[in-house]
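Worksheet for the structure shown next.
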Amino acid sequence: MKPTKPITLIAVLLFQSLLLVAQDARLQIDLTKNVNEIQPTMYGIFFEDINFAADGGLYAEMVKNRSFEFTIAPFMGWHQPKTNRYSLNEKSGMASVVKHKEGSGNKNFCRVTINDASGYELINEGFRGMGIKENAVYNVYLSALNKSGNISEITLQLITKNGDVLGETKIETSSANWKDYQAQITVSKTEEEAQLKLTFKGTGVIDLDMISMFPVDTWKGREKGLRKDLVQLLYDLKPGFLRFPGGCVVEGRTLERRYQWKKTVGDVEDRELLVNRWNTEFSHKAAPDYYQSFGIGFYEYFQLSEDLGAEPLPILGCGMACQFNTGELAPLEELDPYVQDAIDLIEFANGDATTTWGKLRTDMGHPEPFNLKYVGIGNEQWGPDYIDRYKIFAEKIKAQHPEIIIVSGSGPFPDGEQFEYGWKELKKLDAEIVDEHYYRPPQWFLENAGRYDDYDRNGPKVFAGEYAAHPKGVSDGNTENNWEAALSEAAFMTGLERNADVVVMTSYAPLMAHINAFQWAPDMIWFNNLESYGTANYQVQKLYSNNAGTHTVSLTQNGKNVIGSDGLYASAVKDVSTKTLIIKIANTSKSNKSLSFSVNGASLKRNATITTIENTDLKAYNDFDNPEKVSPKSSNIKVKRKAINVQIPQQSFSVVKIKI
């Protein structure tokens with residue numbers, strides 16, 4: 001007979017001793033009281049029109065310079081490949097831009113003279129091409145006026161660079177007055193860099209304007225709407241707010257070229273185009289074709305916020321151009337129009353149809369108010385000039401709208417003389433929320449995970465409005481969105497979460513970038529003309545925002561916050577509505593960790609889930625070929641009624657969820 005019992009006893013004792021050895025850290029969670037309430041705005045998104053994020057990106061328009069308004073080169077984006085540039089007499093035709101009015105809005109149109117219809121074509125290159133998909137349907141639009149001759153028809157074709165036709169439609173033109181036309185093209189083959197070609201039947205002169213093309217399949221099926229896959233990525237974040245429209249585009253290189261919200265509402269074709277502030281910012285990444293059509297204007301931003309279930313947070317210029325450029329100032333005695341823009345924006349968002357701006361919103365299709373609660377004054381301004389202007393804005397806005405929460409700013413850096421001065425003065429003014437920005441190497445984020453532990457609990461709240469870890473020693477572009485950067489942000493965010501009584505809003509920046517037309521990296525979402533994906537940083541942000549909880553709870557190791565002890569960073573929250581405990585753990589070390597959490601104040605259900613992002617290669621990143629290389633994977637674990645034992649891989653970020 002085999003001596004089974006003694007061996008079994010020895011095996012059990014050995015197993016228990018191994019468990020004790022393997023437990024690298026014992027942590028304590030106290031559920032007897034909620035520490036801090038977490039605001040619904042804790043995790044949001046920041047949109048700026050950089051990296052072709054609007055035109056050529058989120059805005060689904062596929063024709064570049066559709067109304068021939070580019071200020072420096074009004075015909076940019078269009079080509080006449082079959083014209084003979086050496087002899088006017090031999091040309092089959094010629095297009096030229098005609099300015100027909102002064103002032104704002106659509107000032108130009110294109111006049112096309114056709115001498116030989118069989119030899120003339122007009123082509124639009126799109127935004128680094130046009131991404132079209134097999135069997136998809138595209139709406140094409142144009143306005144035309146037959147000036148002379150017998151031009152009776154325009155053929156519109158989607159073609160490859162080699163001229164192969166992928167789909168076409170025809171529009172009959174006959175009116176001697178301006179008339180709008182619409183047709184559809186169904187595509188036979190997927191192509192990332194297609195072009196739109198126009199050819200003509202007959203000869204004579206025809207005027208064209210607002211030549212436009214959108215996919216039928218847009219977000220929520222809205223005609224002339226937003227790119228569906230990009231909005232879906234935003235929606236999946238479950239953001240608490242949407243900050244818009246920037247960023248440095250708010251300020252402009254000069255005051256004349258600042259973002260003016262009133263020029264971005266009303267009929268789209270009447271919105272005044274503006275050269276993008278990022279057009280020439282970096283000489284090695286010059287983008288002379290980077291303009292803002294404002295097809296996404298403030299109405300569309302408010303509408304998108306509503307779609308996402310996010311609070312809108314518009315940022316307005318304060319009479320200061322970008323201080324990294326001209327730093328041009330509006331004199332204090334001339335600041336009233338800038339302040340009035342802010343007050344009118346509140347009316348546009350919240351006023352009823354009896355008000356001037358509320359009526360415009362109603363006429364645009366949204367009679368219900370957008371329920372605006374927040375307004376940001378200035379983006380990245382600093383110094384006495386900003387404080388003087390912020391004070392005027394705050395006093396006049398609060399006088400008329402005491403219910404509006406005003407977001408101020410501490411400048412572009414997370415420390416230093418400018419930062420300290422801004423905070424000191426804003427505290428004196430009883431500022432409500434101060435926007436902090438930090439773009440720093442990954443190590444900075446690890447070293448600053450306890451940044452807000454000692455902030456003044458009676459001072460202004462914090463909006464971590466722009467942040468991203470910038471890894472060194474990697475090539476410019478999407479490779480910067482590597483796991484080292486994302487993991488350091490995950491560790492840092494445990495400190496944001498732990499200090500939810502001070503930090504009430506956070507957002508990674510920039511949000512998105514076109515892989516063939518970016519000015520700045522890293523970015524949370526990368527896209528081309530056909531596809532998009534969330535980076536490792538996106539996956540971290542999503543895990544936080546989808547597991548925000550309602551209240552923080554105490555999580556300590558030997559009575560102290562878990563901030564870098566043996567490479568560990570951790571925080572815990574409770575969701576009172578779902579009765580769930582959520583633990584977030586970043587293991588930045590190069591060794592696996594066996595963690596034991598003892599829980600005081602509640603019993604736990606036996607089943608739990610753990611979702612983990614891990615990669616032993618800190619340089620790993622997602623791309624179009626492998627968009628989920630660094631992405632979360634979930635599994636089930638068993639827990640005791642008062643204890644949780646989990647295995648945390650090296651260089652990983654995990655979220656544990658247990659029903660209470």
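We label chains A, B, ... in the order they appear in the structure tokens, count residues from 1 in each chain, and number ligands from 1 in the order shown.
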
Pick out each residue of region 510-644 of chain A that DSSP on the backbone tags as helix (DSSP H, G or I); I need them as an mmCIF file with C-alpha atoms, in the first residue's frame.
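Ended up saving to part32.cif:
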```
data_model
loop_
_atom_site.group_PDB
_atom_site.id
_atom_site.type_symbol
_atom_site.label_atom_id
_atom_site.label_comp_id
_atom_site.auth_asym_id
_atom_site.auth_seq_id
_atom_site.Cartn_x
_atom_site.Cartn_y
_atom_site.Cartn_z
ATOM 1 C CA ALA A 536 -0.502 51.190 -26.882
ATOM 2 C CA ASN A 537 -1.193 54.568 -25.249
ATOM 3 C CA TYR A 538 -4.782 54.405 -26.499
ATOM 4 C CA GLN A 539 -5.188 50.973 -24.913
ATOM 5 C CA VAL A 540 -3.987 52.310 -21.563
ATOM 6 C CA GLN A 541 -6.317 55.308 -21.767
ATOM 7 C CA LYS A 542 -9.210 53.038 -22.650
ATOM 8 C CA LEU A 543 -8.599 50.746 -19.684
ATOM 9 C CA TYR A 544 -8.669 53.738 -17.368
ATOM 10 C CA SER A 545 -11.692 55.466 -18.884
#
```

What is the CA of Gly105 (chain A)-CA of Gly129 (chain A) distance in Å, reported with one decimal? 26.0 Å

Contact residues around Pro632 (chain A) with only C-alpha atoms at 8 Å, ignoring same-chain residues under 5 positions, as a ChimeraX atom specification: /A:539,611-614

With C-alpha atoms kept, could you save the residues just selected as a PDB file, in the first residue's frame?
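The result, stored in again.pdb:
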```
ATOM      1  CA  GLN A 539      -5.188  50.973 -24.913  1.00  0.00           C
ATOM      2  CA  THR A 611      -7.161  42.462 -17.978  1.00  0.00           C
ATOM      3  CA  THR A 612      -3.489  42.884 -18.810  1.00  0.00           C
ATOM      4  CA  ILE A 613      -1.373  44.658 -21.394  1.00  0.00           C
ATOM      5  CA  GLU A 614       2.147  43.294 -21.440  1.00  0.00           C
TER       6      GLU A 614
END
```

Using only C-alpha atoms, which residues sit within 10 Å of region 550-567 of chain A once same-chain residues fewer than 5 positions away are excluded, as a short mmCIF file (atom, residue, chain, number, x, y, z; two decimals) with C-alpha atoms, in the first residue's frame?
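Final output, saved to out11.cif:
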```
data_model
loop_
_atom_site.label_atom_id
_atom_site.label_comp_id
_atom_site.auth_asym_id
_atom_site.auth_seq_id
_atom_site.Cartn_x
_atom_site.Cartn_y
_atom_site.Cartn_z
CA ASP A 24 6.67 39.76 -3.82
CA ALA A 25 4.36 42.32 -2.24
CA ARG A 26 1.48 42.39 0.19
CA LEU A 27 -0.88 45.32 -0.20
CA GLN A 28 -3.88 46.52 1.75
CA ILE A 29 -7.21 47.84 0.46
CA ASP A 30 -9.62 49.58 2.82
CA LEU A 31 -13.26 49.62 1.69
CA THR A 32 -14.65 50.98 4.95
CA LYS A 33 -14.88 54.45 3.48
CA ASN A 34 -14.73 56.23 0.15
CA VAL A 35 -11.68 58.49 -0.03
CA ASN A 36 -12.45 60.80 -2.98
CA GLU A 37 -15.30 61.13 -5.42
CA ILE A 38 -14.21 60.66 -9.04
CA GLN A 39 -15.72 63.22 -11.40
CA PRO A 40 -17.46 61.93 -14.55
CA LEU A 446 7.55 57.37 -13.35
CA GLU A 447 9.27 59.89 -11.11
CA ASN A 448 6.16 62.09 -10.91
CA ALA A 449 3.50 59.50 -10.14
CA GLY A 450 3.14 61.15 -6.73
CA ASP A 453 -0.18 63.84 -3.44
CA ALA A 491 2.03 54.22 -13.85
CA PHE A 492 1.64 58.00 -13.74
CA THR A 494 -2.37 55.79 -10.81
CA GLY A 495 -1.36 59.07 -9.20
CA GLU A 497 -6.61 58.62 -10.05
CA ARG A 498 -5.46 58.49 -6.43
CA ASN A 499 -5.74 62.29 -6.27
CA ALA A 500 -9.20 62.59 -7.81
CA ASP A 501 -10.10 65.26 -5.24
CA ALA A 572 -7.92 51.35 -6.46
CA VAL A 573 -11.44 52.63 -6.98
CA LYS A 574 -14.94 51.48 -6.24
CA ASP A 575 -17.98 51.76 -8.48
CA VAL A 576 -20.92 52.15 -6.13
CA SER A 577 -23.50 51.71 -8.88
CA THR A 578 -22.20 48.29 -9.93
CA THR A 580 -17.32 46.65 -8.09
CA LEU A 581 -13.79 47.01 -6.79
CA ILE A 582 -11.30 47.97 -9.51
CA ILE A 583 -7.55 47.75 -8.97
CA ILE A 585 -1.42 47.90 -11.27
CA ALA A 586 1.58 48.94 -13.34
CA ASN A 587 4.62 46.68 -13.01
CA THR A 588 7.50 48.56 -14.62
CA SER A 589 10.16 46.12 -13.41
CA LYS A 590 11.76 43.32 -15.40
CA SER A 591 10.48 40.60 -13.09
CA LYS A 593 5.27 39.87 -9.41
CA PHE A 597 -4.18 42.16 -1.59
CA SER A 598 -5.94 41.95 1.77
CA VAL A 599 -9.32 43.66 1.69
CA GLN A 650 6.93 42.04 -15.94
CA GLN A 651 6.53 45.34 -17.80
#
```

Å distance separating CA of Ile387 (chain A) from CA of Lys424 (chain A), one decimal place: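 Distance between the two atoms: 10.4 Å.
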